[in-house]
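Data from work-v3.cif: mmCIF, C-alpha atoms
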data_input
#
loop_
_atom_site.group_PDB
_atom_site.id
_atom_site.type_symbol
_atom_site.label_atom_id
_atom_site.label_comp_id
_atom_site.auth_asym_id
_atom_site.auth_seq_id
_atom_site.Cartn_x
_atom_site.Cartn_y
_atom_site.Cartn_z
ATOM 1 C CA GLN A 24 24.698 0.479 20.822
ATOM 2 C CA LEU A 25 22.169 -0.251 18.108
ATOM 3 C CA GLN A 26 20.303 2.755 16.761
ATOM 4 C CA LEU A 27 17.445 2.979 14.292
ATOM 5 C CA GLN A 28 16.505 6.225 12.597
ATOM 6 C CA GLU A 29 13.439 6.838 10.460
ATOM 7 C CA SER A 30 13.555 9.311 7.616
ATOM 8 C CA GLY A 31 11.068 10.544 5.061
ATOM 9 C CA PRO A 32 8.523 13.260 4.407
ATOM 10 C CA GLY A 33 6.350 14.424 7.257
ATOM 11 C CA LEU A 34 3.489 15.397 4.974
ATOM 12 C CA VAL A 35 1.887 13.310 2.249
ATOM 13 C CA LYS A 36 -1.127 14.155 0.127
ATOM 14 C CA PRO A 37 -4.157 11.855 0.011
ATOM 15 C CA SER A 38 -3.928 9.142 -2.668
ATOM 16 C CA GLU A 39 -0.139 9.474 -2.845
ATOM 17 C CA THR A 40 2.564 7.090 -1.605
ATOM 18 C CA LEU A 41 4.210 7.336 1.800
ATOM 19 C CA SER A 42 7.864 6.275 1.645
ATOM 20 C CA LEU A 43 10.025 5.865 4.723
ATOM 21 C CA THR A 44 13.525 4.545 5.313
ATOM 22 C CA CYS A 45 15.030 3.186 8.510
ATOM 23 C CA SER A 46 18.791 3.496 8.821
ATOM 24 C CA VAL A 47 20.418 1.026 11.179
ATOM 25 C CA SER A 48 23.693 1.841 12.923
ATOM 26 C CA GLY A 49 25.703 0.033 15.552
ATOM 27 C CA GLY A 50 24.738 -3.374 14.172
ATOM 28 C CA SER A 51 24.221 -5.292 10.960
ATOM 29 C CA ILE A 52 20.866 -5.635 9.302
ATOM 30 C CA SER A 53 22.175 -8.943 7.911
ATOM 31 C CA SER A 54 22.062 -10.622 11.299
ATOM 32 C CA SER A 55 20.298 -13.979 11.159
ATOM 33 C CA SER A 56 18.792 -13.378 14.600
ATOM 34 C CA TYR A 57 16.386 -10.575 13.811
ATOM 35 C CA TYR A 58 13.521 -9.321 11.752
ATOM 36 C CA TRP A 59 13.234 -5.638 10.903
ATOM 37 C CA GLY A 60 9.821 -4.070 10.950
ATOM 38 C CA TRP A 61 7.496 -1.100 10.783
ATOM 39 C CA LEU A 62 4.746 -0.181 13.183
ATOM 40 C CA ARG A 63 2.541 2.850 13.524
ATOM 41 C CA GLN A 64 0.534 4.719 16.126
ATOM 42 C CA PRO A 65 -2.210 7.188 15.177
ATOM 43 C CA PRO A 66 -2.295 10.238 17.446
ATOM 44 C CA GLY A 67 -3.714 9.291 20.841
ATOM 45 C CA LYS A 68 -4.261 5.672 19.837
ATOM 46 C CA GLY A 69 -2.610 2.291 20.157
ATOM 47 C CA LEU A 70 0.095 0.459 18.237
ATOM 48 C CA GLN A 71 -0.339 -1.380 14.957
ATOM 49 C CA TRP A 72 2.209 -3.690 13.369
ATOM 50 C CA ILE A 73 2.509 -3.036 9.625
ATOM 51 C CA ALA A 74 5.177 -5.348 8.192
ATOM 52 C CA SER A 75 8.473 -7.084 8.889
ATOM 53 C CA ILE A 76 11.338 -8.358 6.772
ATOM 54 C CA TYR A 77 14.232 -10.742 7.227
ATOM 55 C CA TYR A 78 17.638 -9.852 5.782
ATOM 56 C CA SER A 79 17.176 -12.568 3.160
ATOM 57 C CA GLY A 80 14.100 -10.763 1.888
ATOM 58 C CA ASN A 81 11.356 -12.889 3.473
ATOM 59 C CA THR A 82 8.451 -10.582 4.226
ATOM 60 C CA TYR A 83 5.486 -10.604 6.595
ATOM 61 C CA TYR A 84 2.553 -8.224 6.226
ATOM 62 C CA ASN A 85 -0.479 -7.223 8.238
ATOM 63 C CA PRO A 86 -3.359 -8.464 6.074
ATOM 64 C CA SER A 87 -5.306 -5.275 6.751
ATOM 65 C CA LEU A 88 -2.617 -3.275 4.947
ATOM 66 C CA LYS A 89 -0.989 -5.857 2.710
ATOM 67 C CA SER A 90 -2.559 -4.665 -0.542
ATOM 68 C CA ARG A 91 -1.022 -1.201 -0.080
ATOM 69 C CA VAL A 92 2.314 -1.966 1.586
ATOM 70 C CA THR A 93 5.776 -2.993 0.421
ATOM 71 C CA ILE A 94 8.688 -3.523 2.782
ATOM 72 C CA SER A 95 12.197 -3.920 1.399
ATOM 73 C CA VAL A 96 15.741 -4.249 2.686
ATOM 74 C CA ASP A 97 19.063 -2.999 1.346
ATOM 75 C CA THR A 98 21.825 -4.855 3.155
ATOM 76 C CA SER A 99 24.551 -2.876 1.353
ATOM 77 C CA LYS A 100 23.222 0.335 2.903
ATOM 78 C CA ASN A 101 22.167 -1.297 6.176
ATOM 79 C CA HIS A 102 18.688 0.078 5.871
ATOM 80 C CA PHE A 103 15.152 -1.030 5.191
ATOM 81 C CA SER A 104 12.185 0.804 3.767
ATOM 82 C CA LEU A 105 8.415 1.057 3.777
ATOM 83 C CA GLU A 106 6.048 2.107 1.018
ATOM 84 C CA LEU A 107 2.373 2.679 1.759
ATOM 85 C CA ARG A 108 0.324 3.468 -1.317
ATOM 86 C CA SER A 109 -2.956 5.316 -1.770
ATOM 87 C CA VAL A 110 -2.832 6.960 1.632
ATOM 88 C CA THR A 111 -5.818 8.557 3.334
ATOM 89 C CA VAL A 112 -6.153 10.710 6.426
ATOM 90 C CA ALA A 113 -6.569 7.463 8.385
ATOM 91 C CA ASP A 114 -2.890 6.733 7.686
ATOM 92 C CA THR A 115 -1.800 9.766 9.697
ATOM 93 C CA ALA A 116 0.363 8.366 12.483
ATOM 94 C CA VAL A 117 3.753 8.179 14.079
ATOM 95 C CA TYR A 118 5.635 5.495 12.169
ATOM 96 C CA TYR A 119 8.264 3.485 14.011
ATOM 97 C CA CYS A 120 10.918 1.189 12.639
ATOM 98 C CA ALA A 121 12.034 -1.573 14.940
ATOM 99 C CA ARG A 122 14.043 -4.750 15.462
ATOM 100 C CA GLN A 123 12.330 -8.002 16.424
ATOM 101 C CA GLY A 124 14.061 -11.045 17.801
ATOM 102 C CA ILE A 125 13.543 -14.057 15.592
ATOM 103 C CA ARG A 126 12.870 -16.392 18.547
ATOM 104 C CA ASN A 127 9.940 -14.769 20.307
ATOM 105 C CA LYS A 128 9.514 -11.741 18.038
ATOM 106 C CA SER A 129 9.568 -9.241 20.883
ATOM 107 C CA ILE A 130 10.567 -5.769 19.707
ATOM 108 C CA ASP A 131 13.727 -4.846 21.559
ATOM 109 C CA TYR A 132 14.890 -1.763 19.657
ATOM 110 C CA TRP A 133 12.751 1.038 18.276
ATOM 111 C CA GLY A 134 13.459 4.140 16.268
ATOM 112 C CA GLN A 135 12.358 7.448 17.749
ATOM 113 C CA GLY A 136 9.383 7.578 15.387
ATOM 114 C CA ILE A 137 8.406 9.966 12.627
ATOM 115 C CA LEU A 138 5.054 11.717 12.435
ATOM 116 C CA VAL A 139 3.534 11.451 8.984
ATOM 117 C CA THR A 140 0.483 13.567 8.327
ATOM 118 C CA VAL A 141 -1.775 12.877 5.369
ATOM 119 C CA SER A 142 -3.364 16.105 4.256
ATOM 120 C CA SER A 143 -3.977 18.068 1.104
ATOM 121 C CA ASP B 16 -6.520 -11.957 14.153
ATOM 122 C CA ILE B 17 -5.831 -12.483 17.859
ATOM 123 C CA GLN B 18 -7.437 -9.687 19.855
ATOM 124 C CA MET B 19 -5.628 -8.509 22.953
ATOM 125 C CA THR B 20 -7.750 -6.852 25.636
ATOM 126 C CA GLN B 21 -6.144 -4.994 28.519
ATOM 127 C CA SER B 22 -7.784 -3.993 31.768
ATOM 128 C CA PRO B 23 -8.181 -1.563 33.230
ATOM 129 C CA SER B 24 -7.776 1.013 30.482
ATOM 130 C CA SER B 25 -6.421 3.445 33.062
ATOM 131 C CA LEU B 26 -5.652 3.553 36.728
ATOM 132 C CA SER B 27 -4.535 6.106 39.266
ATOM 133 C CA ALA B 28 -1.982 5.055 41.823
ATOM 134 C CA SER B 29 0.516 6.477 44.280
ATOM 135 C CA VAL B 30 4.264 6.105 44.511
ATOM 136 C CA GLY B 31 4.999 2.916 46.414
ATOM 137 C CA ASP B 32 1.774 1.165 45.409
ATOM 138 C CA ARG B 33 1.747 -2.362 44.055
ATOM 139 C CA VAL B 34 -0.148 -2.387 40.772
ATOM 140 C CA THR B 35 -1.219 -5.226 38.546
ATOM 141 C CA PHE B 36 -2.859 -5.088 35.173
ATOM 142 C CA THR B 37 -4.212 -7.728 32.927
ATOM 143 C CA CYS B 38 -4.002 -8.710 29.293
ATOM 144 C CA ARG B 39 -6.384 -11.265 27.816
ATOM 145 C CA ALA B 40 -5.926 -12.906 24.438
ATOM 146 C CA SER B 41 -8.912 -13.910 22.319
ATOM 147 C CA GLN B 42 -7.403 -17.374 21.964
ATOM 148 C CA SER B 43 -4.790 -19.346 23.781
ATOM 149 C CA ILE B 44 -1.230 -18.337 22.954
ATOM 150 C CA ALA B 45 2.123 -19.736 23.959
ATOM 151 C CA SER B 46 3.585 -17.931 26.936
ATOM 152 C CA SER B 47 6.784 -17.471 24.963
ATOM 153 C CA THR B 48 4.903 -15.107 22.656
ATOM 154 C CA LEU B 49 3.498 -12.545 25.110
ATOM 155 C CA ASN B 50 5.421 -9.305 25.557
ATOM 156 C CA TRP B 51 4.937 -6.112 27.576
ATOM 157 C CA TYR B 52 6.021 -2.587 26.662
ATOM 158 C CA GLN B 53 6.091 0.755 28.444
ATOM 159 C CA GLN B 54 5.507 3.965 26.536
ATOM 160 C CA LYS B 55 5.919 7.504 27.782
ATOM 161 C CA PRO B 56 4.398 10.487 25.986
ATOM 162 C CA GLY B 57 6.253 11.410 22.820
ATOM 163 C CA LYS B 58 8.584 8.414 23.098
ATOM 164 C CA ALA B 59 8.867 5.043 21.427
ATOM 165 C CA PRO B 60 7.707 2.005 23.405
ATOM 166 C CA LYS B 61 10.280 0.173 25.483
ATOM 167 C CA LEU B 62 10.366 -3.594 25.934
ATOM 168 C CA LEU B 63 9.915 -4.554 29.596
ATOM 169 C CA ILE B 64 9.001 -8.234 29.637
ATOM 170 C CA TYR B 65 9.264 -10.878 26.932
ATOM 171 C CA ALA B 66 7.979 -14.432 26.897
ATOM 172 C CA ALA B 67 5.408 -13.510 29.558
ATOM 173 C CA SER B 68 7.830 -13.417 32.475
ATOM 174 C CA SER B 69 11.388 -12.752 31.298
ATOM 175 C CA LEU B 70 12.765 -9.367 32.301
ATOM 176 C CA GLN B 71 14.447 -7.470 29.482
ATOM 177 C CA SER B 72 18.030 -6.469 30.222
ATOM 178 C CA GLY B 73 18.238 -3.210 32.157
ATOM 179 C CA VAL B 74 14.620 -3.253 33.331
ATOM 180 C CA PRO B 75 14.197 -2.851 37.102
ATOM 181 C CA SER B 76 13.262 -5.952 39.039
ATOM 182 C CA ARG B 77 10.104 -4.300 40.404
ATOM 183 C CA PHE B 78 8.524 -5.260 37.077
ATOM 184 C CA SER B 79 7.317 -8.830 36.726
ATOM 185 C CA GLY B 80 5.077 -10.745 34.376
ATOM 186 C CA ASP B 81 3.059 -13.898 34.692
ATOM 187 C CA GLY B 82 0.363 -15.891 32.994
ATOM 188 C CA SER B 83 -0.417 -18.548 30.477
ATOM 189 C CA GLY B 84 -3.006 -19.507 27.909
ATOM 190 C CA THR B 85 -5.217 -16.459 27.478
ATOM 191 C CA ASP B 86 -4.577 -14.527 30.699
ATOM 192 C CA PHE B 87 -1.435 -12.580 31.497
ATOM 193 C CA THR B 88 -0.475 -9.998 34.088
ATOM 194 C CA LEU B 89 2.130 -7.294 34.547
ATOM 195 C CA THR B 90 2.921 -6.266 38.105
ATOM 196 C CA ILE B 91 4.900 -3.326 39.399
ATOM 197 C CA SER B 92 5.802 -4.158 42.990
ATOM 198 C CA SER B 93 6.433 -0.599 44.163
ATOM 199 C CA LEU B 94 5.430 2.144 41.769
ATOM 200 C CA GLN B 95 8.108 4.739 41.122
ATOM 201 C CA PRO B 96 7.749 8.216 39.560
ATOM 202 C CA ALA B 97 9.385 6.944 36.352
ATOM 203 C CA ASP B 98 6.667 4.282 35.994
ATOM 204 C CA PHE B 99 3.815 6.644 35.185
ATOM 205 C CA ALA B 100 3.250 5.706 31.563
ATOM 206 C CA THR B 101 1.110 3.578 29.291
ATOM 207 C CA TYR B 102 1.663 -0.157 29.173
ATOM 208 C CA TYR B 103 0.912 -2.376 26.203
ATOM 209 C CA CYS B 104 0.835 -6.121 25.837
ATOM 210 C CA GLN B 105 1.603 -7.734 22.488
ATOM 211 C CA GLN B 106 1.191 -11.229 21.124
ATOM 212 C CA SER B 107 3.768 -12.616 18.734
ATOM 213 C CA TYR B 108 2.099 -16.021 18.474
ATOM 214 C CA SER B 109 0.672 -15.462 15.021
ATOM 215 C CA THR B 110 0.566 -12.738 12.413
ATOM 216 C CA PRO B 111 -0.704 -10.138 12.407
ATOM 217 C CA TRP B 112 1.170 -9.483 15.624
ATOM 218 C CA THR B 113 -1.256 -7.440 17.712
ATOM 219 C CA PHE B 114 -1.222 -5.157 20.724
ATOM 220 C CA GLY B 115 -3.663 -4.452 23.472
ATOM 221 C CA GLN B 116 -5.192 -0.990 23.651
ATOM 222 C CA GLY B 117 -2.984 -0.048 26.584
ATOM 223 C CA THR B 118 -3.303 0.676 30.303
ATOM 224 C CA ARG B 119 -2.421 4.202 31.332
ATOM 225 C CA VAL B 120 -0.994 4.634 34.819
ATOM 226 C CA ASP B 121 -1.173 8.111 36.267
ATOM 227 C CA ILE B 122 -0.566 9.754 39.575
ATOM 228 C CA LYS B 123 -3.318 9.693 42.167
#
What's the structure tokens form of this structure?
Amino acid sequence: QLQLQESGPGLVKPSETLSLTCSVSGGSISSSSYYWGWLRQPPGKGLQWIASIYYSGNTYYNPSLKSRVTISVDTSKNHFSLELRSVTVADTAVYYCARQGIRNKSIDYWGQGILVTVSS
Amino acid sequence: DIQMTQSPSSLSASVGDRVTFTCRASQSIASSTLNWYQQKPGKAPKLLIYAASSLQSGVPSRFSGDGSGTDFTLTISSLQPADFATYYCQQSYSTPWTFGQGTRVDIK
């Protein structure tokens, strides 16, 4: 059974960089059938897609965040990562990592989510 | 960006009710790129329906999806206690992949 697990700090100061890692178990991140992505959900609000990556390194970014975001993959460790720079309180959210099918890009596996609070 | 608008934003219903909610895209999208998710409080979303009408493995058959172009629906044929949750539609037709604001279903 595939499992995704987010890890990283739960508190980040304004203007600093949020760094998260998603560890994948029960399956290979090098599968040609999937993208691996990050989404977020501010408290009490809806879902926003942030970025996705293919095992080969091809990346896709939400233009609204692209200037501040880097997604990367480490196939040797079977994990992928997110960096969000220059954070503000508006970046406070639950961050999810997820797997997307390459055919219709539905998100069929999600991590449990990690709450990241931006506060001084 | 393609805007996804769901209606209603919330509804109250009873166990056994048939409920239908709607998702409208701001432009026409391929049916193969419309997905529905269920989210319960404090949990990650769960994929219910992909490609507008295909039931994800393990999802009860009381869930069904339909639609094409800009208008899509999710129907629960007989609401069960486990179905009280928030439902989101998502388009994967073009980036940025976007979600509707959600429809919350609670107990009448």
Exactly which residues make up the result of the PyMOL selection byres ((chain B and resi 50) around 6) on this file, given as JSON, numbers by chain? {"B": [49, 51, 64, 65, 66, 67, 104, 105]}
May I have the residues within 8 Å of A:Ser143 as a short mmCIF file (atom, residue, chain, number, x, y, z; two decimals) with C-alpha atoms, in the coordinates of the input, using all atoms listed in the file and disregarding those fewer than 2 positions away in the same chain?
data_model
loop_
_atom_site.label_atom_id
_atom_site.label_comp_id
_atom_site.auth_asym_id
_atom_site.auth_seq_id
_atom_site.Cartn_x
_atom_site.Cartn_y
_atom_site.Cartn_z
CA VAL A 35 1.89 13.31 2.25
CA LYS A 36 -1.13 14.16 0.13
CA PRO A 37 -4.16 11.86 0.01
CA VAL A 141 -1.78 12.88 5.37
#
If I put a ball of radius 9 Å at (15.9, -10.4, 4.3) in the file's coordinates, which residues poke into it when counting all atoms listed in the file, written as a list of chain:residue names? A:Ile52, A:Ser53, A:Ser55, A:Tyr58, A:Trp59, A:Ile76, A:Tyr77, A:Tyr78, A:Ser79, A:Gly80, A:Asn81, A:Thr82, A:Ser95, A:Val96, A:Asp97, A:Thr98
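For the residues A:Val92, A:Leu43, A:Leu138, A:Val112, ranking by smallest atom-to-atom distance to chain B using only C-alpha atoms places A:Leu138 first.
Once the PyMOL selection byres ((chain A) within 7 of (chain B)) is applied to this file, the selection holds Gly69, Leu70, Gln71, Trp72, Asn85, Asn127, Lys128, Ser129, Ile130, Asp131, Trp133, Gly134, Gln135 and Gly136 of chain A.
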Centre and edge lengths of an axis-aligned box around all listed atoms of stretch 107-112 of chain B, with 8 Å added on each side, are to be given in Å to one decimal, as lines of an AutoDock Vina configuration file.
center_x = 1.5
center_y = -12.8
center_z = 15.6
size_x = 20.5
size_y = 22.5
size_z = 22.3
Polymer residues at most 9 Å from stretch 23-35 of chain B, only C-alpha atoms, same-chain spacing of 6 or more positions, as a count of residues only: 19
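Interatomic distance, atom CA of A:Gly49 against atom CA of A:Trp61: 18.9 Å.
Interatomic distance, atom CA of B:Gln54 to atom CA of A:Gly60: 18.1 Å.
With only the atoms specified (all atoms listed in the file) counting, those residues at most 8 Å away from (18.2, 4.7, 16.1) are Leu25, Gln26, Leu27, Gln28, Glu29, Ser46, Val47, Ser48, Trp133, Gly134 and Gln135 of chain A.
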As a check of understanding: the span from atom CA of A:Ile94 to atom CA of A:Cys45 is 10.9 Å
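In this comparison, which uses only C-alpha atoms, the residue of B:Gln53, B:Ser79, B:Thr85, B:Ser69 approaching B:Arg39 most closely is B:Thr85.
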